[in-house]
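Listing of upload.tsv, TSV, C-alpha atoms
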```tsv
chain	number	residue	atom	x	y	z
M	1	MET	CA	88.26	70.49	113.14
M	2	ASN	CA	91.23	72.22	114.65
M	3	GLU	CA	90.50	75.34	116.79
M	4	ARG	CA	93.33	76.99	114.92
M	5	TYR	CA	91.19	77.46	111.79
M	6	SER	CA	87.88	78.19	113.57
M	7	ARG	CA	87.50	81.75	112.24
M	8	GLN	CA	88.20	80.61	108.72
M	9	THR	CA	85.74	77.70	108.87
M	10	LEU	CA	83.07	80.05	110.28
M	11	PHE	CA	83.32	81.86	106.96
M	12	SER	CA	80.59	79.91	105.17
M	13	PRO	CA	82.11	79.69	101.62
M	14	ILE	CA	84.97	77.76	103.23
M	15	GLY	CA	83.38	75.93	106.17
M	16	GLU	CA	84.62	72.63	107.57
M	17	ALA	CA	84.44	70.94	104.16
M	18	GLY	CA	86.48	73.68	102.52
M	19	GLN	CA	89.08	73.57	105.28
M	20	LYS	CA	89.49	69.84	104.70
M	21	LYS	CA	90.10	70.51	101.00
M	22	ILE	CA	92.61	73.27	101.77
M	23	ARG	CA	94.44	70.79	104.00
M	24	GLU	CA	94.75	68.32	101.12
M	25	LYS	CA	96.15	70.81	98.60
M	26	HIS	CA	99.66	71.43	97.30
M	27	VAL	CA	100.59	74.94	96.12
M	28	LEU	CA	103.72	75.81	94.18
M	29	LEU	CA	104.99	79.34	94.67
M	30	LEU	CA	107.54	80.63	92.19
M	31	GLY	CA	109.48	83.44	93.84
M	32	ALA	CA	109.95	84.36	97.49
M	33	GLY	CA	110.29	88.13	97.28
M	34	ALA	CA	107.58	90.60	98.22
M	35	LEU	CA	104.64	88.78	96.63
M	36	GLY	CA	106.08	85.38	97.48
M	37	THR	CA	106.50	86.00	101.19
M	38	GLY	CA	103.03	87.54	101.44
M	39	ASN	CA	101.36	84.65	99.62
M	40	ALA	CA	103.37	82.03	101.48
M	41	GLU	CA	102.50	83.38	104.91
M	42	ALA	CA	98.80	83.71	104.10
M	43	LEU	CA	98.53	80.19	102.65
M	44	VAL	CA	100.55	78.56	105.41
M	45	ARG	CA	98.44	80.31	108.06
M	46	ALA	CA	95.32	79.16	106.18
M	47	GLY	CA	96.47	75.57	106.62
M	48	ILE	CA	97.33	74.23	103.16
M	49	GLY	CA	98.82	70.74	103.11
M	50	ARG	CA	102.01	71.41	101.24
M	51	LEU	CA	103.90	74.40	99.86
M	52	THR	CA	106.72	74.26	97.34
M	53	VAL	CA	108.65	77.52	97.32
M	54	ILE	CA	111.32	78.27	94.74
M	55	ASP	CA	113.62	81.30	94.72
M	56	ARG	CA	116.96	82.15	93.13
M	57	ASP	CA	117.98	85.03	95.37
M	58	TYR	CA	119.17	85.69	98.91
M	59	VAL	CA	117.99	88.17	101.55
M	60	GLU	CA	119.36	91.73	101.51
M	61	TRP	CA	118.66	94.82	103.60
M	62	SER	CA	116.65	96.46	100.82
M	63	ASN	CA	114.19	93.54	101.00
M	64	LEU	CA	113.15	94.12	104.62
M	65	GLN	CA	110.87	97.08	103.86
M	66	ARG	CA	108.31	94.78	102.24
M	67	GLN	CA	109.31	91.11	102.25
M	68	GLN	CA	107.44	90.07	105.33
M	69	LEU	CA	109.03	86.74	106.25
M	70	TYR	CA	112.59	88.07	106.59
M	71	SER	CA	114.52	89.51	109.51
M	72	GLU	CA	117.68	91.57	109.91
M	73	ARG	CA	119.48	88.39	110.84
M	74	ASP	CA	118.57	86.83	107.48
M	75	ALA	CA	119.98	89.87	105.67
M	76	GLU	CA	123.17	89.83	107.75
M	77	ASP	CA	123.63	86.13	107.00
M	78	ARG	CA	122.68	86.55	103.33
M	79	LEU	CA	120.47	83.51	103.65
M	80	PRO	CA	118.88	82.27	100.45
M	81	LYS	CA	115.27	83.46	100.46
M	82	ALA	CA	113.83	79.97	100.04
M	83	VAL	CA	115.79	78.79	103.11
M	84	ALA	CA	114.88	81.82	105.26
M	85	ALA	CA	111.25	81.63	104.15
M	86	LYS	CA	110.96	77.94	105.04
M	87	GLN	CA	112.42	78.56	108.52
M	88	ARG	CA	109.90	81.30	109.25
M	89	LEU	CA	106.95	79.45	107.70
M	90	LEU	CA	107.55	76.41	109.88
M	91	GLU	CA	107.54	78.67	112.95
M	92	VAL	CA	104.17	80.01	111.80
M	93	ASN	CA	102.59	76.61	111.09
M	94	SER	CA	104.56	73.42	111.63
M	95	ASP	CA	101.72	71.27	110.24
M	96	VAL	CA	102.40	72.42	106.68
M	97	LYS	CA	104.97	70.55	104.64
M	98	VAL	CA	107.28	73.14	103.09
M	99	ASP	CA	109.68	72.21	100.30
M	100	ALA	CA	112.23	74.95	99.60
M	101	TYR	CA	114.41	75.11	96.50
M	102	VAL	CA	117.27	77.57	96.00
M	103	MET	CA	117.34	77.72	92.23
M	104	ASP	CA	116.45	79.63	89.11
M	105	ALA	CA	113.95	77.08	87.85
M	106	THR	CA	114.10	76.01	84.23
M	107	PRO	CA	111.13	74.37	82.49
M	108	SER	CA	112.55	70.87	83.00
M	109	GLU	CA	113.23	71.51	86.69
M	110	MET	CA	109.72	72.90	87.08
M	111	GLU	CA	108.23	69.85	85.38
M	112	ARG	CA	109.87	67.60	87.95
M	113	LEU	CA	108.31	69.64	90.78
M	114	LEU	CA	104.78	69.81	89.38
M	115	ASP	CA	103.65	66.30	90.28
M	116	GLY	CA	100.62	66.60	92.55
M	117	VAL	CA	100.57	70.40	92.47
M	118	ASP	CA	97.03	71.82	92.54
M	119	LEU	CA	97.85	75.48	91.96
M	120	MET	CA	100.79	77.68	90.96
M	121	ILE	CA	101.18	81.22	92.21
M	122	ASP	CA	103.30	83.76	90.39
M	123	ALA	CA	105.58	85.74	92.66
M	124	THR	CA	108.33	86.25	90.11
M	125	ASP	CA	109.78	89.53	88.92
M	126	ASN	CA	110.10	88.84	85.20
M	127	PHE	CA	108.05	87.77	82.18
M	128	ASP	CA	110.38	84.95	81.11
M	129	ALA	CA	109.38	83.07	84.25
M	130	ARG	CA	105.72	84.00	83.85
M	131	MET	CA	105.52	82.82	80.25
M	132	MET	CA	107.13	79.55	81.35
M	133	MET	CA	104.53	79.17	84.12
M	134	ASN	CA	101.79	79.97	81.64
M	135	ASP	CA	102.88	77.18	79.29
M	136	LEU	CA	103.38	74.72	82.16
M	137	SER	CA	99.90	75.56	83.40
M	138	GLN	CA	98.41	74.68	80.01
M	139	LYS	CA	100.51	71.58	79.44
M	140	TYR	CA	99.72	70.09	82.86
M	141	GLN	CA	96.26	71.68	83.31
M	142	ILE	CA	97.16	73.41	86.56
M	143	PRO	CA	95.60	76.80	87.36
M	144	TRP	CA	97.94	79.71	88.06
M	145	ILE	CA	97.55	83.25	89.37
M	146	TYR	CA	99.49	86.08	87.75
M	147	GLY	CA	100.41	88.92	90.08
M	148	ALA	CA	102.79	91.86	89.75
M	149	CYS	CA	103.43	95.26	91.24
M	150	VAL	CA	105.63	98.33	90.88
M	151	SER	CA	105.51	101.73	92.66
M	152	SER	CA	101.90	102.00	93.95
M	153	TYR	CA	100.46	99.93	91.08
M	154	GLY	CA	99.45	96.29	91.03
M	155	ILE	CA	97.78	93.73	88.76
M	156	CYS	CA	96.26	90.28	89.23
M	157	TYR	CA	94.67	87.69	86.95
M	158	THR	CA	93.68	84.05	87.45
M	159	ILE	CA	94.24	81.57	84.61
M	160	LEU	CA	92.08	78.44	84.56
M	161	PRO	CA	93.33	76.10	81.79
M	162	GLY	CA	90.59	75.09	79.35
M	163	GLU	CA	88.40	77.96	80.44
M	164	THR	CA	89.89	81.44	80.68
M	165	PRO	CA	92.22	83.13	78.19
M	166	CYS	CA	95.83	82.46	79.17
M	167	LEU	CA	98.45	85.15	79.73
M	168	ASN	CA	99.75	84.69	76.19
M	169	CYS	CA	96.23	85.46	74.84
M	170	LEU	CA	96.21	88.77	76.70
M	171	LEU	CA	99.65	89.96	75.62
M	172	ASP	CA	100.31	91.23	72.12
M	173	GLN	CA	104.00	90.96	72.98
M	174	VAL	CA	106.05	89.88	75.97
M	175	PRO	CA	106.67	93.07	77.97
M	176	ARG	CA	110.33	94.10	78.08
M	177	GLY	CA	111.86	97.05	79.86
M	178	GLY	CA	109.41	99.59	81.23
M	179	MET	CA	109.01	100.33	84.90
M	180	THR	CA	110.73	98.09	87.41
M	181	CYS	CA	111.09	98.18	91.17
M	182	ASP	CA	114.58	99.49	90.37
M	183	THR	CA	113.50	102.58	88.47
M	184	ALA	CA	110.14	103.36	90.04
M	185	GLY	CA	110.42	101.83	93.51
M	186	ILE	CA	107.70	99.89	95.30
M	187	ILE	CA	105.63	100.51	98.42
M	188	SER	CA	104.39	97.67	100.56
M	189	PRO	CA	100.64	98.46	100.36
M	190	ALA	CA	100.80	97.76	96.62
M	191	VAL	CA	102.43	94.42	97.40
M	192	GLN	CA	99.83	93.60	100.04
M	193	MET	CA	96.95	94.48	97.72
M	194	VAL	CA	98.21	92.09	95.03
M	195	VAL	CA	98.82	89.46	97.70
M	196	ALA	CA	95.23	89.90	98.90
M	197	HIS	CA	93.89	89.37	95.37
M	198	GLN	CA	96.14	86.36	94.78
M	199	THR	CA	95.46	84.63	98.08
M	200	VAL	CA	91.69	85.03	97.92
M	201	GLU	CA	91.72	83.60	94.39
M	202	ALA	CA	93.93	80.78	95.68
M	203	MET	CA	91.46	80.02	98.48
M	204	LYS	CA	88.56	79.84	96.01
M	205	ILE	CA	90.52	77.39	93.84
M	206	LEU	CA	91.69	75.30	96.81
M	207	VAL	CA	88.13	74.86	98.12
M	208	GLU	CA	87.01	74.25	94.52
M	209	ASP	CA	84.51	77.11	94.53
M	210	TRP	CA	85.06	77.61	90.80
M	211	ALA	CA	82.05	79.89	90.35
M	212	ALA	CA	83.58	82.41	92.74
M	213	VAL	CA	86.86	82.73	90.80
M	214	SER	CA	87.14	86.28	89.51
M	215	ARG	CA	87.88	85.72	85.78
M	216	LYS	CA	88.66	89.43	85.52
M	217	LEU	CA	91.90	91.25	84.99
M	218	VAL	CA	92.19	93.48	88.03
M	219	SER	CA	94.54	96.41	88.44
M	220	PHE	CA	94.85	99.36	90.78
M	221	ASP	CA	97.00	102.32	91.67
M	222	LEU	CA	96.69	102.90	95.39
M	223	TRP	CA	98.40	106.31	95.36
M	224	GLN	CA	96.34	107.58	92.40
M	225	ASN	CA	93.11	106.15	93.86
M	226	GLN	CA	92.42	104.17	90.71
M	227	HIS	CA	90.89	100.73	90.41
M	228	THR	CA	90.12	98.76	87.25
M	229	SER	CA	88.51	95.45	86.49
M	230	ILE	CA	88.18	94.17	82.91
M	231	ASN	CA	86.30	91.11	81.73
M	232	VAL	CA	88.81	89.61	79.28
M	233	SER	CA	86.92	86.40	78.42
M	234	ARG	CA	86.52	87.53	74.79
M	235	MET	CA	90.29	87.64	74.38
M	236	LYS	CA	90.69	83.85	74.34
M	237	ASN	CA	92.60	83.06	71.17
M	238	GLU	CA	91.83	79.69	69.53
M	239	SER	CA	95.17	79.75	67.70
M	240	CYS	CA	97.18	80.73	70.80
M	241	PRO	CA	100.46	78.74	70.81
M	242	SER	CA	100.10	78.25	74.57
M	243	CYS	CA	96.40	77.39	75.03
M	244	GLY	CA	94.91	77.13	71.52
M	245	GLU	CA	93.81	74.06	69.58
M	246	ASN	CA	97.35	73.02	68.62
M	247	PRO	CA	99.58	74.24	71.41
M	248	SER	CA	103.36	74.18	70.95
M	249	TYR	CA	104.23	75.59	74.39
M	250	PRO	CA	106.89	77.89	72.94
M	251	PHE	CA	108.15	79.09	76.31
M	252	LEU	CA	109.16	75.60	77.44
M	253	LYS	CA	111.71	75.16	74.66
M	254	TYR	CA	115.23	74.91	75.91
M	255	SER	CA	117.95	76.92	74.33
M	256	HIS	CA	121.56	76.14	75.07
M	257	GLN	CA	122.67	79.63	75.91
M	258	MET	CA	123.95	81.36	78.96
M	259	LYS	CA	121.02	83.28	80.37
M	260	THR	CA	121.26	86.72	81.86
M	261	ALA	CA	118.58	88.77	83.59
M	262	VAL	CA	118.55	92.22	85.17
M	263	LEU	CA	116.94	91.78	88.59
M	264	CYS	CA	113.96	93.93	89.48
M	265	GLY	CA	114.61	96.28	92.37
M	266	ARG	CA	118.34	95.57	92.39
M	267	ASP	CA	121.27	97.09	90.58
M	268	SER	CA	122.24	93.57	89.61
M	269	VAL	CA	122.51	91.03	86.82
M	270	GLN	CA	121.97	87.32	87.21
M	271	ILE	CA	124.00	84.91	85.10
M	272	ARG	CA	122.86	81.36	84.58
M	273	PRO	CA	125.30	79.03	82.85
M	274	PRO	CA	123.90	76.75	80.10
M	275	ALA	CA	124.44	73.48	81.97
M	276	SER	CA	124.04	73.33	85.72
M	277	ARG	CA	126.52	71.36	87.73
M	278	GLU	CA	127.42	71.21	91.41
M	279	TRP	CA	130.22	73.65	92.16
M	280	SER	CA	132.71	73.28	94.95
M	281	LEU	CA	132.29	76.63	96.67
M	282	GLU	CA	135.28	75.95	98.93
M	283	GLU	CA	137.47	75.55	95.88
M	284	VAL	CA	136.17	78.77	94.33
M	285	ALA	CA	136.73	80.60	97.61
M	286	ARG	CA	140.29	79.32	97.82
M	287	THR	CA	141.05	80.41	94.25
M	288	LEU	CA	139.58	83.86	94.83
M	289	ALA	CA	141.46	84.32	98.09
M	290	GLN	CA	144.69	84.07	96.12
M	291	GLN	CA	143.70	87.19	94.19
M	292	GLU	CA	143.78	89.27	97.35
M	293	VAL	CA	140.05	89.85	97.58
M	294	LYS	CA	137.99	89.41	100.73
M	295	VAL	CA	135.92	86.29	100.22
M	296	GLU	CA	132.87	85.29	102.24
M	297	LEU	CA	131.66	81.71	102.21
M	298	ASN	CA	128.55	80.03	103.63
M	299	PRO	CA	127.08	76.61	102.79
M	300	TYR	CA	124.99	78.08	99.98
M	301	LEU	CA	127.12	80.71	98.26
M	302	VAL	CA	130.45	82.42	97.97
M	303	SER	CA	130.68	86.21	97.62
M	304	PHE	CA	133.40	88.80	97.12
M	305	THR	CA	133.87	92.36	95.90
M	306	THR	CA	136.18	93.52	93.16
M	307	GLU	CA	136.20	96.37	90.64
M	308	ASN	CA	133.34	97.96	92.60
M	309	ARG	CA	131.21	94.95	91.78
M	310	ARG	CA	130.02	92.44	94.33
M	311	MET	CA	129.74	88.94	92.92
M	312	VAL	CA	127.91	86.02	94.43
M	313	LEU	CA	128.17	82.45	93.18
M	314	PHE	CA	125.64	79.79	94.11
M	315	LYS	CA	126.31	76.05	94.23
M	316	ASP	CA	124.61	75.44	90.87
M	317	GLY	CA	126.95	77.83	89.07
M	318	ARG	CA	124.53	80.71	89.00
M	319	ALA	CA	125.95	84.12	89.83
M	320	LEU	CA	124.64	87.51	90.82
M	321	ILE	CA	126.72	90.50	89.76
M	322	HIS	CA	125.81	93.52	91.88
M	323	GLY	CA	126.56	97.13	90.97
M	324	THR	CA	125.69	96.85	87.28
M	325	GLN	CA	122.73	96.47	84.96
M	326	ASP	CA	124.94	95.76	81.97
M	327	GLU	CA	124.36	92.12	81.09
M	328	THR	CA	127.41	91.92	78.87
M	329	GLU	CA	129.68	93.33	81.54
M	330	ALA	CA	128.18	90.87	83.98
M	331	LYS	CA	128.92	87.96	81.65
M	332	THR	CA	132.47	89.20	81.20
M	333	LEU	CA	132.98	89.37	84.95
M	334	TYR	CA	131.49	85.92	85.34
M	335	HIS	CA	133.89	84.46	82.82
M	336	ARG	CA	136.78	86.38	84.34
M	337	TYR	CA	136.25	85.10	87.88
M	338	PHE	CA	134.43	81.79	87.56
M	339	GLY	CA	135.63	80.44	84.24
K	1	MET	CA	87.56	117.01	77.71
K	2	LYS	CA	86.57	114.90	80.71
K	3	LEU	CA	87.13	111.17	80.65
K	4	ARG	CA	86.47	108.57	83.30
K	5	ILE	CA	89.78	106.74	83.40
K	6	ASN	CA	90.16	103.71	85.65
K	7	GLY	CA	87.22	104.89	87.69
K	8	GLU	CA	88.40	108.46	88.14
K	9	TRP	CA	87.24	111.56	86.24
K	10	LEU	CA	90.23	113.24	84.62
K	11	THR	CA	90.54	116.23	82.31
K	12	VAL	CA	92.68	115.65	79.23
K	13	PRO	CA	93.69	118.23	76.58
K	14	GLU	CA	91.35	118.69	73.61
K	15	THR	CA	94.29	117.82	71.36
K	16	VAL	CA	93.87	114.19	72.40
K	17	ASP	CA	91.72	112.78	69.63
K	18	THR	CA	92.26	109.00	69.62
K	19	ILE	CA	92.93	106.19	72.07
K	20	GLY	CA	96.46	105.99	70.66
K	21	GLU	CA	97.02	109.66	71.49
K	22	LEU	CA	95.51	109.16	74.93
K	23	LEU	CA	98.06	106.41	75.62
K	24	GLY	CA	100.78	108.79	74.39
K	25	HIS	CA	99.46	111.49	76.74
K	26	PHE	CA	99.93	109.11	79.68
K	27	GLN	CA	103.28	107.89	78.30
K	28	LEU	CA	101.88	104.40	77.91
K	29	ASP	CA	102.25	104.12	74.12
K	30	GLN	CA	105.39	101.99	74.37
K	31	ARG	CA	103.97	99.74	77.10
K	32	VAL	CA	102.01	96.52	76.88
K	33	VAL	CA	98.45	97.42	77.87
K	34	ILE	CA	94.83	96.35	77.48
K	35	VAL	CA	92.40	99.20	76.77
K	36	GLU	CA	88.66	99.06	77.27
K	37	GLN	CA	86.50	101.91	75.96
K	38	ASN	CA	82.91	102.03	77.18
K	39	GLU	CA	83.14	98.34	78.12
K	40	THR	CA	84.56	97.19	74.78
K	41	ILE	CA	88.12	95.86	74.65
K	42	LEU	CA	90.00	97.43	71.74
K	43	GLU	CA	92.27	95.60	69.34
K	44	LYS	CA	95.77	96.99	69.42
K	45	GLU	CA	95.63	97.83	65.71
K	46	SER	CA	92.49	99.94	66.06
K	47	ARG	CA	93.74	102.18	68.88
K	48	SER	CA	94.98	104.85	66.50
K	49	ASP	CA	91.56	104.96	64.77
K	50	ASN	CA	89.32	104.88	67.83
K	51	LYS	CA	88.19	108.41	68.70
K	52	VAL	CA	87.78	109.47	72.31
K	53	GLN	CA	84.76	111.54	73.26
K	54	ASP	CA	83.85	113.64	76.26
K	55	GLY	CA	82.37	111.42	78.96
K	56	ASP	CA	83.93	108.19	77.71
K	57	SER	CA	84.67	105.54	80.29
K	58	ILE	CA	88.12	104.14	79.64
K	59	GLU	CA	90.00	101.41	81.45
K	60	ILE	CA	93.72	101.01	80.89
K	61	VAL	CA	95.56	98.05	82.37
K	62	GLN	CA	99.33	97.95	82.08
K	63	PHE	CA	101.25	94.69	82.38
K	64	VAL	CA	104.12	95.16	84.79
K	65	GLY	CA	106.81	92.73	85.86
K	66	GLY	CA	107.77	93.53	89.43
K	67	GLY	CA	106.99	91.33	92.33
```

Would you write the structure of this file as structure tokens?
Amino acid sequence: MNERYSRQTLFSPIGEAGQKKIREKHVLLLGAGALGTGNAEALVRAGIGRLTVIDRDYVEWSNLQRQQLYSERDAEDRLPKAVAAKQRLLEVNSDVKVDAYVMDATPSEMERLLDGVDLMIDATDNFDARMMMNDLSQKYQIPWIYGACVSSYGICYTILPGETPCLNCLLDQVPRGGMTCDTAGIISPAVQMVVAHQTVEAMKILVEDWAAVSRKLVSFDLWQNQHTSINVSRMKNESCPSCGENPSYPFLKYSHQMKTAVLCGRDSVQIRPPASREWSLEEVARTLAQQEVKVELNPYLVSFTTENRRMVLFKDGRALIHGTQDETEAKTLYHRYFG
Amino acid sequence: MKLRINGEWLTVPETVDTIGELLGHFQLDQRVVIVEQNETILEKESRSDNKVQDGDSIEIVQFVGGG
């Protein structure tokens, strides 16, 4: 076995046999923000075979305080996070196959990417994406690890299809509003603590040490010196629409509406048009330039500022409207500038 | 009244009588949480009936979205 992993294989629950299994595994990571970059680096250093990383955003200065794969250069260039993450990950370990996707993944797009995936890790910033992952996990029998953090607080839970309660079993309603990184901030130790919980659970699953998987809902507040661990096995709901006896996978159903989302930690709204198509960014940039605004263009996105709002359009028609949390205003601006 | 909340002993006002009121005291009543009282997970509907008593061990886990 490679010298590179010698300290990890000396750890007896992994060993040479476990390392071989890790090497054969494919992990899908949804999100490449704080949790995503932490998980990605740990798993790539650990020597997984393949990593699929999906992210809809690009690197900004406010990310650098905690999103460990990114540099000032990435922020200056406004590189999509998936692209910047892949570049850095391949510098860290060129033996790992890294597939990077700049997109806001819908259920059907996710389904196309799930073939051969052994584990999904949640590094998203919203419950719409998590409920989608939860249903995908049940439909395709792929374990996933929920993780989230805000301020000095964090939470982690591993879902094993067919065994543990799923996220839908644990929630009496899908959380909306409440604290976000935008209103309450976030410190990097909280991120790192969640990442530690997620990556150790991932390692257990990748080496198939099922008995070691936590099966507990873990949460902590590092600033308040609080730590909690709850055995939630009794919460499995036989009539759960996601994991019960007759599942309908409600969160995979497609609705033909423009989607908007307020982004966590950013004074921004994302707009996703109902049907994705390839946009000609050059054409958009040319049109905008006629309106006497300063337009910036790179191969992945076009951005400009007007009415004290910065707008960024990606190739797939998605847009980020910065400087507002008003989803309606964001939609209006989208229609006004992009049709 | 002293309660062991998420592993830490905290003093809460005597006016807090039920789990529901305890969540209100911590401004968690509008949040999505799981509550465990003395190692029993409580149904959401019963939180307003469940009394808290001095020395109770209570775990409160809030579902958050950031990441």

**Complete:** A straight line from atom CA of M:Ile159 to atom CA of M:Met203 spans 14.2 Å

**Request:** Choose the residue, out of M:Pro13, M:Gly18, M:Gly154, M:Gly49, that has the smallest atom-to-atom separation from chain K; count only C-alpha atoms.
**Result:**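 Closest to chain K, using only C-alpha atoms: M:Gly154.
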
Can I get the residues of chain M within 6 Å of chain K, each with the closest pair of atoms and their distance in Å to one decimal, using only C-alpha atoms, sorted chain first then ascending number, as a tab-separated table?
```
residue	atom	partner	partner_atom	distance
M:Ala34	CA	K:Gly67	CA	6.0
M:Leu35	CA	K:Gly67	CA	5.5
M:Ala123	CA	K:Gly67	CA	5.8
M:Thr124	CA	K:Gly67	CA	5.7
M:Asp125	CA	K:Gly66	CA	4.5
M:Asn126	CA	K:Gly65	CA	5.1
M:Ala148	CA	K:Gly67	CA	5.0
M:Cys149	CA	K:Gly66	CA	5.0
M:Val150	CA	K:Gly66	CA	5.5
M:Pro175	CA	K:Val32	CA	5.9
M:Thr180	CA	K:Gly66	CA	5.8
M:Cys181	CA	K:Gly66	CA	6.0
M:Gln226	CA	K:Asn6	CA	5.6
M:His227	CA	K:Asn6	CA	5.7
M:Thr228	CA	K:Asn6	CA	5.2
```

**Message:** Report, in Å with one decimal, the straight-line distance from atom CA of K:Ser57 to atom CA of K:Asn38.
**Reply:**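 Result for atom CA of K:Ser57 versus atom CA of K:Asn38: 5.0 Å, one decimal.
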
**Complete:** Judged by only C-alpha atoms, the minimum distance to M:Gln8 among M:Ala42, M:Leu30, M:Met193, M:Ala129 is found for M:Ala42

Residues within 9 Å of M:Arg266, all atoms listed in the file, excluding chain neighbours under 2 positions, as a PDB file with C-alpha atoms, in the frame of the given file:
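New file around-v2.pdb:
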```
ATOM      1  CA  SER M  62     116.650  96.460 100.820  1.00  0.00           C
ATOM      2  CA  CYS M 181     111.090  98.180  91.170  1.00  0.00           C
ATOM      3  CA  ASP M 182     114.580  99.490  90.370  1.00  0.00           C
ATOM      4  CA  VAL M 262     118.550  92.220  85.170  1.00  0.00           C
ATOM      5  CA  LEU M 263     116.940  91.780  88.590  1.00  0.00           C
ATOM      6  CA  CYS M 264     113.960  93.930  89.480  1.00  0.00           C
ATOM      7  CA  SER M 268     122.240  93.570  89.610  1.00  0.00           C
ATOM      8  CA  VAL M 269     122.510  91.030  86.820  1.00  0.00           C
ATOM      9  CA  HIS M 322     125.810  93.520  91.880  1.00  0.00           C
ATOM     10  CA  GLY M 323     126.560  97.130  90.970  1.00  0.00           C
ATOM     11  CA  GLN M 325     122.730  96.470  84.960  1.00  0.00           C
TER      12      GLN M 325
END
```

**Selection: 12 Å around stretch 236-252 of chain M, only C-alpha atoms, excl. self and same-chain fewer than 6 positions, as number ranges by chain** = M: 105-111, 127-141, 159-172, 174, 215

**Request:** Enumerate, as a VMD selection string, the protein, DNA and RNA residues whose atoms approach (125.3, 83.2, 94.4) to within 7 Å, taking into account only C-alpha atoms and the coordinate frame of the file.
**Result:** chain M and resid 301 to 303 312 to 314 318 to 320

**Message:** Taking 2 positions as the minimum chain separation for residues in the same chain, which residues sit within 10 Å of M:Trp223 when counting all atoms listed in the file? Answer as a list in words.
**Reply:**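 Using all atoms listed in the file, the neighbours found are Ser151, Ser152, Tyr153, Ile187, Pro189, Ala190, Phe220, Asp221, Asn225 and Gln226 of chain M.
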
**Asked** Taking into account all atoms listed in the file, which residue in the set K:Met1, K:Leu42, K:Val52, K:Val12 is nearest to K:His25?
**Response** K:Val12

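Straight-line separation from atom CA of M:Asn39 to atom CA of M:Gln198: 7.3 Å.
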
**Item:** Long-range neighbours of M:Phe338 as a PyMOL selection string, 10 Å cut-off, all atoms listed in the file, 2 positions minimum in chain
**Value:** chain M and resi 284+287-288+313+317+319+332-336

Just C-alpha atoms for this one: save the residues we selected as a PDB file, in the frame of the given file.
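Okay, this is what ended up in out_29.pdb:
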```pdb
ATOM      1  CA  VAL M 284     136.170  78.770  94.330  1.00  0.00           C
ATOM      2  CA  THR M 287     141.050  80.410  94.250  1.00  0.00           C
ATOM      3  CA  LEU M 288     139.580  83.860  94.830  1.00  0.00           C
ATOM      4  CA  LEU M 313     128.170  82.450  93.180  1.00  0.00           C
ATOM      5  CA  GLY M 317     126.950  77.830  89.070  1.00  0.00           C
ATOM      6  CA  ALA M 319     125.950  84.120  89.830  1.00  0.00           C
ATOM      7  CA  THR M 332     132.470  89.200  81.200  1.00  0.00           C
ATOM      8  CA  LEU M 333     132.980  89.370  84.950  1.00  0.00           C
ATOM      9  CA  TYR M 334     131.490  85.920  85.340  1.00  0.00           C
ATOM     10  CA  HIS M 335     133.890  84.460  82.820  1.00  0.00           C
ATOM     11  CA  ARG M 336     136.780  86.380  84.340  1.00  0.00           C
TER      12      ARG M 336
END
```
